[in-house]
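Taking it in order: structure first as structure tokens, then the write-up.
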Amino acid sequence: MNEVTISRAIIQSYMKDLLDSMELDVAIVGAGPSGMTAAYYLAQAGFKTAIFEKRLSIGGGIWGGGMMFNKVVVQTEGKGILDEFGIASTKYQDDCYIADAVELASSLGLLSIKAGAKIFNLIMAEDVVIRENDRVSGLVLNWSSVPIAKLPIDPLAIRTKLVIDSTGHESEICKMVVKKVGGKLNTSTGNIVGEKSMWVEVAEKKVPDNTNEVYPGLIVAGMAATATFGSPRMGPIFGGMLLSGKKAANLAEAMLSQG
Ligand code: 48F
């Protein structure tokens with residue numbers, strides 16, 4: 001073992017993973033709670049799934065809980081998923097359970113990887129490929145450090161049968177599609193409707209409802225679904241995010257099974 005062996009091992013095994021992910025069943029953008037939950041169910045069902053996450057760390061908005069108090073709340077329905085995943089929670093009052101944000105973020109990462117999903121951190125989707133009857137059929141990828149360093153470096157691209165936009169409040173993939181094809185999303189306006197002010201009771205119910213195919217080949221999940229379809233935000237309650245990820249996976253499975 002020497003420094004060259006270590007370097008070769010890292011480069012070769014990384015390249016193998018990346019090359020294996022050039023053609024996917026589902027490419028998920030964003031490793032927050034909705035994206036990782038979707039990845040877990042899809043990989044578990046045997047679909048070739050990868051997540052591209054622009055940050056160094058996975059977990060998105062989980063780690064800081066509410067205002068840096070690193071606890072998250074779930075309702076009874078969301079607790080069902082925590083139980084299935086073996087993530088501890090305690091009852092605070094009826095329909096209100098508390099979980100540890102660090103346990104949630106790390107468990108979702110571990111479970112999705114163990115199920116067979118690949119997670120590529122430090123890679124961002126900077127654009128979409130739209131082909132075959134106006135369908136999202138690929139992602140344009142770059143190191144997320146490239147725009148930070150303001151480097152004029154061209155991206156590479158992958159092909160995928162489906163994309164899940166789980167990029168959070170910014171709904172970045174939906175925005176890219178609007179920019180490319182203008183006004184053709186499956187929303188009331190055809191564009192991103194925009195997130196409304198906080199209203200937990202309505203917002204939580206709406207997240208799974210809003211989790212849909214928003215453009216051919218593109219499913220939107222989590223806060224990206226909230227922003228795209230124009231529902232209220234909900235703050236540090238995470239059941240809706242988990243349920244949205246599960247619904248996104250179910251939709252993707254149904255679409256892929258139809259061929
Ligand atoms: O924001 P985020 O956690 O998304 P989510 O699954 O969950 C939202 C909650 O965390 C919280 C909330 C709960 O009630 O309101 O905010 O909807 O994670 C989104 C991830 O996507 C990454 C980003 O770094 C984050 O980790 N991301 C965003 N744009 C890109 C991206 C991009 N273009 N390419 C790659 N990753």
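By order in the structure tokens, chains are A, B, ...; within a chain, residues start at 1; ligands start at 1, following the order shown.
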
Quick one: residues within 12 Å of Ala125 of chain A, only C-alpha atoms, excluding same-chain residues fewer than 6 positions away - as a PyMOL selection string? chain A and resi 27-30+51-55+138-144+146-147+155-158+163-167+171-176

Got a sec to check which residues lie within 8 Å of ligand 1, using only C-alpha atoms and all ligand atoms, and send them as a VMD selection string? chain A and resid 29 to 36 52 to 55 57 to 62 122 to 127 144 166 to 173 221 to 225 233 to 242 245

Residues at most 7 Å from Val72 of chain A, counting only C-alpha atoms, excluding those fewer than 2 positions away in the same chain, as a PyMOL selection string? chain A and resi 65-66+70+74+98-101+236-238

Can you tell me, as a PyMOL selection string, which residues in segment 3-44 of chain A count as helix (DSSP H, G or I) by DSSP? chain A and resi 3-20+33-44

With C-alpha atoms kept, could you save the residues just selected as a JSON list (two decimals), in the first residue's frame?
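Once written, result.json looks like this:
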[["chain", "number", "residue", "atom", "x", "y", "z"],
["A", 3, "GLU", "CA", 0.05, 6.80, -1.93],
["A", 4, "VAL", "CA", -0.29, 5.83, -5.59],
["A", 5, "THR", "CA", -2.25, 2.66, -4.73],
["A", 6, "ILE", "CA", -4.61, 4.75, -2.60],
["A", 7, "SER", "CA", -5.06, 7.31, -5.36],
["A", 8, "ARG", "CA", -5.64, 4.64, -8.04],
["A", 9, "ALA", "CA", -8.16, 2.84, -5.83],
["A", 10, "ILE", "CA", -10.15, 6.01, -5.25],
["A", 11, "ILE", "CA", -10.12, 7.17, -8.87],
["A", 12, "GLN", "CA", -10.92, 3.76, -10.37],
["A", 13, "SER", "CA", -13.73, 2.92, -7.98],
["A", 14, "TYR", "CA", -15.27, 6.41, -8.32],
["A", 15, "MET", "CA", -15.07, 6.25, -12.12],
["A", 16, "LYS", "CA", -16.71, 2.83, -12.08],
["A", 17, "ASP", "CA", -19.64, 4.17, -10.05],
["A", 18, "LEU", "CA", -19.99, 7.24, -12.24],
["A", 19, "LEU", "CA", -19.78, 5.25, -15.50],
["A", 20, "ASP", "CA", -22.34, 2.79, -14.11],
["A", 33, "PRO", "CA", -35.55, 13.95, 3.02],
["A", 34, "SER", "CA", -37.87, 13.60, 0.01],
["A", 35, "GLY", "CA", -35.08, 12.66, -2.43],
["A", 36, "MET", "CA", -33.45, 10.10, -0.14],
["A", 37, "THR", "CA", -36.79, 8.51, 0.75],
["A", 38, "ALA", "CA", -37.64, 8.19, -2.95],
["A", 39, "ALA", "CA", -34.18, 6.72, -3.62],
["A", 40, "TYR", "CA", -34.62, 4.14, -0.88],
["A", 41, "TYR", "CA", -37.94, 2.80, -2.20],
["A", 42, "LEU", "CA", -36.83, 2.83, -5.83],
["A", 43, "ALA", "CA", -33.53, 1.07, -5.18],
["A", 44, "GLN", "CA", -35.31, -1.41, -2.92]]

Quick one: DSSP strand (DSSP E) residues in segment 97-244 of chain A, as a count of residues only? 43

List every residue of segment 132-188 of chain A that has an atom at most 7 Å from any atom of segment 212-217 of chain A, giving for each one its closest atom pair and the distance in Å to one decimal, counting only C-alpha atoms, sorted by chain and then by ascending residue number, as JSON lines.
{"residue": "A:Arg135", "atom": "CA", "partner": "A:Pro216", "partner_atom": "CA", "distance": 4.9}
{"residue": "A:Val136", "atom": "CA", "partner": "A:Gly217", "partner_atom": "CA", "distance": 4.8}
{"residue": "A:Ser137", "atom": "CA", "partner": "A:Gly217", "partner_atom": "CA", "distance": 6.5}
{"residue": "A:Lys161", "atom": "CA", "partner": "A:Gly217", "partner_atom": "CA", "distance": 6.8}
{"residue": "A:Leu162", "atom": "CA", "partner": "A:Gly217", "partner_atom": "CA", "distance": 4.8}
{"residue": "A:Val163", "atom": "CA", "partner": "A:Gly217", "partner_atom": "CA", "distance": 6.2}
{"residue": "A:Leu185", "atom": "CA", "partner": "A:Tyr215", "partner_atom": "CA", "distance": 5.4}
{"residue": "A:Asn186", "atom": "CA", "partner": "A:Val214", "partner_atom": "CA", "distance": 4.8}

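Remark: for Arg131 of chain A, the closest of the candidate residues A:Cys96, A:Thr189, A:Val181, A:Lys196 is A:Val181 (distances computed over only C-alpha atoms).
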
Please report the interatomic distance between atom CA of Ile192 of chain A and atom CA of Ala248 of chain A in Å with one decimal. 18.4 Å

With distances taken over only C-alpha atoms, the candidate from A:Asp209, A:Phe47, A:Leu218, A:Gly230 nearest Gly194 of chain A is A:Gly230

Please measure the separation of atom CA of Glu204 of chain A and atom CA of Ser106 of chain A, giving the value in Å to one decimal. 22.8 Å

Just checking: using only C-alpha atoms, which residue out of A:Met67, A:Ala45, A:Val200, A:Gly86 ends up closest to Lys246 of chain A? A:Ala45
